[in-house]
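To be precise, the following lines are query_30.txt, and they hold compact mmCIF, C-alpha atoms.
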```txt
# COMPACT_ATOMS: atom_id res chain seq x y z
CA MET A 1 9.00 -12.28 -27.09
CA THR A 2 5.77 -13.20 -25.32
CA SER A 3 2.97 -10.70 -25.97
CA ILE A 4 0.30 -9.45 -23.57
CA TYR A 5 -2.21 -9.89 -26.40
CA ARG A 6 -3.99 -13.17 -26.92
CA THR A 7 -3.73 -12.90 -30.71
CA PRO A 8 -2.14 -10.56 -33.28
CA ALA A 9 -5.65 -9.64 -34.43
CA GLY A 10 -6.56 -8.63 -30.88
CA ARG A 11 -3.45 -6.45 -30.64
CA ASP A 12 -4.41 -4.73 -33.88
CA THR A 13 -7.97 -4.18 -32.66
CA ILE A 14 -6.83 -2.44 -29.47
CA ARG A 15 -4.27 -0.32 -31.27
CA ARG A 16 -6.84 0.67 -33.87
CA TRP A 17 -9.20 1.80 -31.09
CA CYS A 18 -6.47 4.04 -29.67
CA GLU A 19 -5.72 5.50 -33.09
CA GLN A 20 -9.40 6.27 -33.61
CA GLN A 21 -9.63 8.10 -30.29
CA PHE A 22 -6.68 10.31 -31.18
CA THR A 23 -8.04 10.97 -34.67
CA GLY A 24 -11.29 12.26 -33.19
CA TRP A 25 -9.63 14.33 -30.44
CA SER A 26 -10.11 18.06 -31.01
CA THR A 27 -7.00 19.11 -29.05
CA PRO A 28 -3.96 19.64 -31.33
CA HIS A 29 -1.36 17.00 -30.57
CA GLU A 30 1.63 15.07 -31.83
CA ARG A 31 2.62 11.46 -31.39
CA ARG A 32 5.89 9.58 -31.55
CA VAL A 33 7.58 6.42 -30.29
CA ILE A 34 10.79 6.50 -28.26
CA ARG A 35 12.96 3.82 -26.71
CA ALA A 36 12.77 3.94 -22.90
CA HIS A 37 14.40 1.36 -20.62
CA GLY A 38 14.70 -1.03 -23.55
CA HIS A 39 11.09 -0.85 -24.75
CA ASP A 40 9.23 1.08 -27.43
CA THR A 41 7.15 3.73 -25.69
CA HIS A 42 4.36 5.70 -27.35
CA LEU A 43 4.19 9.38 -26.39
CA LEU A 44 1.30 11.77 -26.94
CA THR A 45 2.21 15.47 -26.68
CA ALA A 46 -0.30 18.33 -26.44
CA GLY A 47 -0.54 21.86 -25.05
CA ALA A 48 2.23 24.34 -24.33
CA GLY A 49 3.89 26.10 -21.43
CA PRO A 50 7.09 26.30 -19.39
CA VAL A 51 6.05 23.33 -17.24
CA THR A 52 5.58 19.86 -18.69
CA VAL A 53 3.12 17.41 -17.11
CA VAL A 54 4.20 13.82 -17.78
CA PHE A 55 1.11 11.62 -17.45
CA VAL A 56 1.01 7.87 -16.78
CA ALA A 57 -2.19 5.81 -17.11
CA GLY A 58 -3.56 3.20 -14.75
CA ASP A 59 -3.54 -0.59 -14.97
CA ARG A 60 -5.44 -1.91 -18.02
CA PHE A 61 -5.84 1.63 -19.33
CA SER A 62 -4.03 3.52 -22.07
CA THR A 63 -3.46 7.20 -22.75
CA ALA A 64 -6.32 7.11 -25.27
CA ALA A 65 -8.79 6.34 -22.46
CA TYR A 66 -7.93 9.59 -20.60
CA LEU A 67 -8.73 12.26 -23.17
CA PRO A 68 -11.06 14.34 -20.90
CA LEU A 69 -8.26 14.69 -18.32
CA LEU A 70 -5.58 15.30 -20.93
CA THR A 71 -7.77 18.00 -22.48
CA ALA A 72 -8.01 19.78 -19.13
CA LEU A 73 -4.26 19.53 -18.53
CA ALA A 74 -3.35 20.71 -22.03
CA ARG A 75 -5.28 23.96 -21.56
CA GLN A 76 -2.58 25.11 -19.12
CA TYR A 77 0.52 22.97 -19.60
CA ARG A 78 2.59 21.04 -22.07
CA VAL A 79 1.47 17.45 -21.59
CA VAL A 80 3.41 14.31 -22.45
CA ALA A 81 1.36 11.14 -21.93
CA ALA A 82 3.16 7.79 -22.09
CA ASP A 83 1.64 4.35 -22.57
CA ILE A 84 3.30 1.89 -20.18
CA PRO A 85 5.06 -1.09 -21.82
CA GLY A 86 3.23 -4.29 -20.98
CA GLN A 87 -0.12 -2.52 -20.81
CA PRO A 88 -2.71 -2.39 -23.63
CA GLY A 89 -2.14 0.58 -25.89
CA LEU A 90 0.50 1.72 -28.34
CA SER A 91 3.73 0.92 -26.47
CA SER A 92 5.63 -2.37 -26.43
CA ASP A 93 3.42 -5.40 -25.86
CA ALA A 94 6.17 -7.41 -24.15
CA ALA A 95 4.91 -9.49 -21.25
CA ASP A 96 8.25 -9.68 -19.42
CA VAL A 97 8.50 -6.11 -18.13
CA ALA A 98 7.21 -6.72 -14.59
CA GLY A 99 10.14 -8.86 -13.50
CA GLY A 100 11.92 -5.85 -12.05
CA GLY A 101 8.91 -4.75 -10.02
CA LEU A 102 8.01 -1.15 -9.31
CA ALA A 103 11.66 -0.07 -9.47
CA TRP A 104 11.71 -1.11 -13.15
CA TYR A 105 8.74 1.11 -13.94
CA GLY A 106 10.33 3.98 -12.03
CA ARG A 107 13.47 3.75 -14.14
CA TRP A 108 11.35 3.53 -17.28
CA LEU A 109 9.52 6.75 -16.39
CA ALA A 110 12.79 8.51 -15.54
CA GLU A 111 14.03 7.71 -19.05
CA VAL A 112 10.78 9.08 -20.53
CA VAL A 113 11.33 12.32 -18.61
CA GLU A 114 14.95 12.50 -19.82
CA GLU A 115 14.02 11.91 -23.46
CA ALA A 116 10.79 13.90 -23.77
CA THR A 117 11.28 16.99 -21.58
CA SER A 118 13.74 19.84 -21.19
CA GLY A 119 12.37 22.10 -18.42
CA PRO A 120 10.52 21.70 -15.11
CA VAL A 121 8.34 18.59 -14.91
CA VAL A 122 5.37 17.52 -12.82
CA THR A 123 4.62 13.82 -13.07
CA PHE A 124 0.95 12.85 -12.89
CA GLY A 125 -0.26 9.29 -12.46
CA HIS A 126 -3.56 7.51 -11.89
CA SER A 127 -3.98 4.21 -10.05
CA PHE A 128 -1.05 1.98 -11.07
CA GLY A 129 0.36 4.97 -12.92
CA GLY A 130 0.36 6.79 -9.61
CA ALA A 131 2.62 4.13 -8.12
CA VAL A 132 4.94 4.45 -11.11
CA THR A 133 5.27 8.21 -10.64
CA LEU A 134 6.08 7.72 -6.94
CA ALA A 135 8.82 5.24 -7.87
CA ALA A 136 10.47 7.55 -10.43
CA GLU A 137 13.18 10.08 -9.64
CA HIS A 138 14.73 12.60 -12.02
CA PRO A 139 16.37 16.00 -11.39
CA ARG A 140 13.80 17.80 -13.57
CA VAL A 141 10.81 16.44 -11.63
CA SER A 142 9.75 19.24 -9.29
CA GLY A 143 6.60 17.52 -8.02
CA THR A 144 4.12 14.68 -8.45
CA VAL A 145 0.34 14.47 -8.55
CA THR A 146 -0.78 10.94 -7.77
CA VAL A 147 -4.50 10.18 -8.07
CA ALA A 148 -6.12 7.10 -6.47
CA PRO A 149 -2.59 5.72 -6.33
CA GLY A 150 -1.52 2.15 -6.10
CA GLY A 151 1.68 1.49 -4.23
CA LEU A 152 0.73 3.13 -0.94
CA CYS A 153 -1.32 0.29 0.55
CA ARG A 154 -3.06 -2.89 -0.47
CA LEU A 155 -6.29 -2.16 -2.29
CA LYS A 156 -9.60 -3.01 -0.68
CA VAL A 157 -11.49 -5.51 -2.83
CA THR A 158 -15.03 -6.22 -1.67
CA PRO A 159 -16.90 -9.40 -2.73
CA ARG A 160 -19.14 -7.25 -4.92
CA VAL A 161 -16.18 -5.72 -6.77
CA LEU A 162 -14.44 -9.10 -7.05
CA LEU A 163 -17.52 -10.71 -8.58
CA ALA A 164 -17.89 -7.87 -11.07
CA PHE A 165 -14.20 -8.11 -11.97
CA LEU A 166 -14.35 -11.89 -12.49
CA GLY A 167 -17.55 -11.55 -14.51
CA TRP A 168 -15.90 -8.94 -16.71
CA LEU A 169 -12.97 -11.27 -17.40
CA ALA A 170 -15.13 -14.34 -17.98
CA TRP A 171 -17.80 -12.67 -20.12
CA PRO A 172 -16.18 -9.70 -21.86
CA ARG A 173 -19.11 -7.78 -23.23
CA ALA A 174 -20.60 -4.33 -22.83
CA ALA A 175 -22.90 -5.34 -19.96
CA SER A 176 -20.11 -6.76 -17.77
CA SER A 177 -17.81 -3.83 -18.55
CA LEU A 178 -20.54 -1.36 -17.63
CA ARG A 179 -21.26 -3.20 -14.38
CA LEU A 180 -17.60 -3.02 -13.33
CA LEU A 181 -17.15 0.61 -14.38
CA ARG A 182 -20.24 1.66 -12.42
CA LEU A 183 -18.66 0.21 -9.27
CA LEU A 184 -15.52 2.22 -10.00
CA SER A 185 -17.55 5.41 -10.40
CA ALA A 186 -19.43 7.57 -7.91
CA PRO A 187 -23.06 6.58 -7.25
CA GLY A 188 -25.35 7.75 -10.00
CA ARG A 189 -22.54 8.28 -12.53
CA THR A 190 -22.82 6.70 -15.97
CA PRO A 191 -19.40 5.81 -17.43
CA ARG A 192 -18.52 7.13 -20.87
CA ALA A 193 -19.43 4.81 -23.73
CA GLU A 194 -15.79 4.93 -24.86
CA LEU A 195 -14.64 3.47 -21.53
CA VAL A 196 -17.19 0.66 -21.76
CA GLU A 197 -15.93 -0.17 -25.23
CA TRP A 198 -12.31 -0.01 -24.11
CA MET A 199 -12.80 -2.30 -21.13
CA THR A 200 -14.61 -4.85 -23.28
CA LEU A 201 -11.74 -4.91 -25.77
CA VAL A 202 -9.13 -5.28 -23.02
CA ALA A 203 -10.93 -8.22 -21.40
CA ARG A 204 -11.26 -9.95 -24.77
CA HIS A 205 -7.81 -9.39 -26.16
CA ALA A 206 -5.19 -8.56 -23.51
CA ARG A 207 -3.46 -9.91 -20.42
CA PRO A 208 -1.65 -6.85 -19.06
CA VAL A 209 1.27 -7.10 -16.68
CA SER A 210 1.99 -4.81 -13.74
CA THR A 211 3.14 -5.13 -10.13
CA ASP A 212 1.57 -4.75 -6.71
CA ASP A 213 4.81 -3.61 -5.07
CA LEU A 214 4.47 -0.93 -2.43
CA VAL A 215 6.39 2.34 -2.63
CA PRO A 216 9.14 2.41 0.05
CA ALA A 217 8.28 4.75 2.89
CA ALA A 218 9.83 8.22 3.22
CA THR A 219 11.89 8.17 0.02
CA ARG A 220 10.27 11.08 -1.82
CA ARG A 221 12.32 14.24 -2.27
CA ALA A 222 10.03 16.23 -4.58
CA PRO A 223 6.68 17.54 -3.25
CA VAL A 224 3.70 15.28 -3.82
CA VAL A 225 -0.05 15.88 -3.99
CA VAL A 226 -2.27 12.85 -3.33
CA ALA A 227 -5.92 12.86 -4.41
CA SER A 228 -8.79 10.39 -4.61
CA GLY A 229 -12.56 10.21 -4.85
CA ASP A 230 -14.71 10.02 -1.75
CA HIS A 231 -16.41 6.91 -3.17
CA ASP A 232 -13.26 5.08 -4.31
CA VAL A 233 -14.02 1.39 -3.75
CA PHE A 234 -10.35 0.41 -3.74
CA LEU A 235 -9.03 3.25 -1.58
CA PRO A 236 -11.56 4.46 1.01
CA PRO A 237 -10.49 7.90 2.31
CA ASP A 238 -9.42 6.71 5.77
CA ARG A 239 -7.26 3.91 4.35
CA LEU A 240 -5.60 6.21 1.81
CA ARG A 241 -4.98 8.98 4.35
CA ALA A 242 -3.23 6.58 6.72
CA ALA A 243 -1.07 5.15 3.92
CA ALA A 244 -0.13 8.57 2.52
CA GLU A 245 0.86 9.80 5.94
CA GLN A 246 2.91 6.70 6.69
CA ARG A 247 4.75 6.42 3.38
CA LEU A 248 4.87 10.01 2.10
CA GLN A 249 4.20 12.21 5.12
CA ALA A 250 1.52 13.79 2.93
CA GLY A 251 -2.15 14.64 3.27
CA VAL A 252 -4.86 13.64 0.80
CA ASP A 253 -7.26 15.75 -1.25
CA ILE A 254 -10.61 13.94 -1.24
CA VAL A 255 -12.72 14.87 -4.27
CA PRO A 256 -16.48 14.84 -3.55
CA ALA A 257 -18.90 12.85 -5.71
CA ALA A 258 -16.11 10.81 -7.28
CA GLY A 259 -15.02 7.20 -7.44
CA HIS A 260 -11.85 5.45 -8.55
CA LEU A 261 -12.49 6.95 -11.99
CA VAL A 262 -12.22 10.49 -10.61
CA THR A 263 -9.96 11.25 -13.59
CA ASP A 264 -12.98 10.90 -15.86
CA GLU A 265 -15.49 12.44 -13.47
CA HIS A 266 -13.63 15.61 -12.40
CA PRO A 267 -10.79 16.32 -14.84
CA ASP A 268 -10.72 20.09 -14.23
CA THR A 269 -10.46 19.60 -10.46
CA LEU A 270 -7.48 17.31 -10.89
CA ALA A 271 -5.78 19.56 -13.44
CA ALA A 272 -5.96 22.37 -10.88
CA LEU A 273 -3.84 20.30 -8.47
CA VAL A 274 -0.87 20.72 -10.76
CA GLY A 275 -1.07 24.47 -10.17
CA ARG A 276 -0.41 23.92 -6.47
CA LEU A 277 2.98 22.39 -7.28
CA VAL A 278 3.78 24.88 -10.03
CA ASP A 279 3.00 27.86 -7.81
```
Render the structure in this file as structure tokens.
Amino acid sequence: MTSIYRTPAGRDTIRRWCEQQFTGWSTPHERRVIRAHGHDTHLLTAGAGPVTVVFVAGDRFSTAAYLPLLTALARQYRVVAADIPGQPGLSSDAADVAGGGLAWYGRWLAEVVEEATSGPVVTFGHSFGGAVTLAAEHPRVSGTVTVAPGGLCRLKVTPRVLLAFLGWLAWPRAASSLRLLRLLSAPGRTPRAELVEWMTLVARHARPVSTDDLVPAATRRAPVVVASGDHDVFLPPDRLRAAAEQRLQAGVDIVPAAGHLVTDEHPDTLAALVGRLVD
């Protein structure tokens, strides 16, 4: 099996970082590994309630990088957060999972829902994770919150963002990670030190796999809430609104003073969107 990690030592370094984040997290939680769509899948469970929120992280991110958002969600709901196979984190590090495209990830998430939940479910995804939630169908899923979602349109990549991204890959250090994260944040925002550290480790040690497939238009049966930051460099509000209307027949909640990392900037605002579907 080909690994997404450059070396076994790099894999261990990234997994150790995730373990350390969970050890220091004040919210009571449990962790386990299940088999979903043929791959080991790490699940983090926290909170309680009749509704379960199944969370999926974005490209190059793991569950451990979303603790502010997961804290906000766990105050009101049972939360199950799954690391995507083929992405850095605590799930399978196989590099061959993207061959099936977005449909593969949708089936993977449906198996996570089947294995890890028993009552009503709201799926919640950010960025690439948002595309995965839109591709997944399961009878227990009563709605989806998709934040700054991939899969609705091609992302806008400006020369400034491209240069920062290439610099981050070529020179993986704190300065290049901070430069990229600042572009993904709202103006004036300083990214968390933990995110800077995470991005540096990912650039040094991992080659994640994902897909840029688009979600087929007009296939959603469960209600969906789409949200994004007003300063999202990848998904400017007008571009996202047009794509959401075309593919989902849905409007978009634009969060003020937020960038692509709105999940880190306004976790309570996003957690409140789940209530709209639950109500």
What are the nearest atom pairs, with distances in Å to one decimal, for all residues of range 27-89 of chain A that come at most 8 Å from range 110-124 of chain A, using only C-alpha atoms, set out by chain and rising residue number as a Markdown table?
```
| residue | atom | partner | partner_atom | distance |
| --- | --- | --- | --- | --- |
| A:Ile34 | CA | A:Glu115 | CA | 7.9 |
| A:Ala36 | CA | A:Glu111 | CA | 5.5 |
| A:His37 | CA | A:Glu111 | CA | 6.6 |
| A:Pro50 | CA | A:Gly119 | CA | 6.8 |
| A:Val51 | CA | A:Pro120 | CA | 5.2 |
| A:Thr52 | CA | A:Val121 | CA | 4.8 |
| A:Val53 | CA | A:Val122 | CA | 4.8 |
| A:Val54 | CA | A:Thr123 | CA | 4.7 |
| A:Phe55 | CA | A:Phe124 | CA | 4.7 |
| A:Val56 | CA | A:Phe124 | CA | 6.3 |
| A:Val80 | CA | A:Ala116 | CA | 7.5 |
| A:Ala82 | CA | A:Val112 | CA | 7.9 |
```
Selection file, C-alpha atoms, as a compact mmCIF listing (two decimals), in the frame of the given file:
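Once everything was written out, this is result31.txt:
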```
# COMPACT_ATOMS: atom_id res chain seq x y z
CA ILE A 34 10.79 6.50 -28.26
CA ALA A 36 12.77 3.94 -22.90
CA HIS A 37 14.40 1.36 -20.62
CA PRO A 50 7.09 26.30 -19.39
CA VAL A 51 6.05 23.33 -17.24
CA THR A 52 5.58 19.86 -18.69
CA VAL A 53 3.12 17.41 -17.11
CA VAL A 54 4.20 13.82 -17.78
CA PHE A 55 1.11 11.62 -17.45
CA VAL A 56 1.01 7.87 -16.78
CA VAL A 80 3.41 14.31 -22.45
CA ALA A 82 3.16 7.79 -22.09
```
Can you measure CA of Ser185 in chain A to CA of Ala258 in chain A for me? One decimal in Å is fine.
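Between CA of Ser185 in chain A and CA of Ala258 in chain A the gap is 6.4 Å.
Between CA of Trp108 in chain A and CA of Arg221 in chain A lies a distance of 18.5 Å.
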What gap, in Å, lies between CA of Leu44 in chain A and CA of Tyr66 in chain A?
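Calculated distance between CA of Leu44 in chain A and CA of Tyr66 in chain A is 11.4 Å.
Counting only C-alpha atoms and comparing A:Leu73, A:Ala57, A:Ala257, A:Val33, the residue that lies closest to Gly188 in chain A is A:Ala257.
Using all atoms listed in the file, the nearest neighbour of Val278 in chain A within the list A:Val145, A:Ile4, A:Leu195, A:Leu240 is A:Val145.
Distance annotation: of A:Thr7, A:Thr263, A:Thr45, A:Gly167, the residue with the minimal separation from Gly125 in chain A is A:Thr263; atom set is all atoms listed in the file.
Closest approach to Ala136 in chain A among A:Val196, A:Val215, A:Ala272, A:Ala250 is made by A:Val215 (distances from only C-alpha atoms).
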Which neighbours of Asp232 in chain A fall inside 10 Å, counting only C-alpha atoms, when residues of the same chain fewer than 4 positions from it are skipped, and could you give them as a PyMOL selection string?
chain A and resi 148+156+183-186+228+236-237+240+254-255+257-262
Give me, as a PDB file with C-alpha atoms, in the frame of the given file, all polymer residues having an atom no more than 12 Å from Gly24 in chain A, counting only C-alpha atoms and skipping those fewer than 5 positions away in the same chain.
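selection23.pdb written:
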```pdb
ATOM      1  CA  TRP A  17      -9.200   1.800 -31.090  1.00  0.00           C
ATOM      2  CA  CYS A  18      -6.470   4.040 -29.670  1.00  0.00           C
ATOM      3  CA  GLU A  19      -5.720   5.500 -33.090  1.00  0.00           C
ATOM      4  CA  HIS A  29      -1.360  17.000 -30.570  1.00  0.00           C
ATOM      5  CA  ALA A  64      -6.320   7.110 -25.270  1.00  0.00           C
ATOM      6  CA  LEU A  67      -8.730  12.260 -23.170  1.00  0.00           C
ATOM      7  CA  GLU A 194     -15.790   4.930 -24.860  1.00  0.00           C
TER       8      GLU A 194
END
```
Under the rule that only C-alpha atoms are counted, which of A:Gln76, A:Thr158, A:Gln249, A:Thr211 is the nearest residue to Leu273 in chain A?
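With only C-alpha atoms as the atom set, the closest residue is A:Gln76.
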Counting only C-alpha atoms, the residue of A:Arg75, A:His205, A:His231, A:Arg6 that sits nearest Glu265 in chain A
A:His231
Which polymer residues, protein or nucleic acid, are no farther than 12 Å from (4.3, 3.9, -15.4), counting all atoms listed in the file, as a ChimeraX atom specification?
/A:36-37,41,54-63,81-87,91,97-98,101-113,123-136,146,149-151,209-211
Work out where the centre of an axis-aligned box around every listed atom of range 38-50 of chain A lies and how long its edges are once 6 Å is added on each side; give both in Å to one decimal as AutoDock Vina command-line options.
```
--center_x 7.1 --center_y 12.6 --center_z -23.4 --size_x 27.2 --size_y 39.3 --size_z 20.0
```
Would you list the residues near (-12.0, -4.8, -1.6) (no more than 12 Å away, in the coordinates of the file, using all atoms listed in the file) as a list of chain:residue names?
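Looking at atoms near the point gives A:Arg154, A:Leu155, A:Lys156, A:Val157, A:Thr158, A:Pro159, A:Arg160, A:Val161, A:Leu162, A:Leu163, A:Ala164, A:Phe165, A:Leu183, A:Leu184, A:Asp232, A:Val233, A:Phe234, A:Leu235, A:Pro236, A:Arg239.
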Writer output for current selection, C-alpha atoms, as a tab-separated table (two decimals), keeping the file's coordinate frame:
```tsv
chain	number	residue	atom	x	y	z
A	154	ARG	CA	-3.06	-2.89	-0.47
A	155	LEU	CA	-6.29	-2.16	-2.29
A	156	LYS	CA	-9.60	-3.01	-0.68
A	157	VAL	CA	-11.49	-5.51	-2.83
A	158	THR	CA	-15.03	-6.22	-1.67
A	159	PRO	CA	-16.90	-9.40	-2.73
A	160	ARG	CA	-19.14	-7.25	-4.92
A	161	VAL	CA	-16.18	-5.72	-6.77
A	162	LEU	CA	-14.44	-9.10	-7.05
A	163	LEU	CA	-17.52	-10.71	-8.58
A	164	ALA	CA	-17.89	-7.87	-11.07
A	165	PHE	CA	-14.20	-8.11	-11.97
A	183	LEU	CA	-18.66	0.21	-9.27
A	184	LEU	CA	-15.52	2.22	-10.00
A	232	ASP	CA	-13.26	5.08	-4.31
A	233	VAL	CA	-14.02	1.39	-3.75
A	234	PHE	CA	-10.35	0.41	-3.74
A	235	LEU	CA	-9.03	3.25	-1.58
A	236	PRO	CA	-11.56	4.46	1.01
A	239	ARG	CA	-7.26	3.91	4.35
```
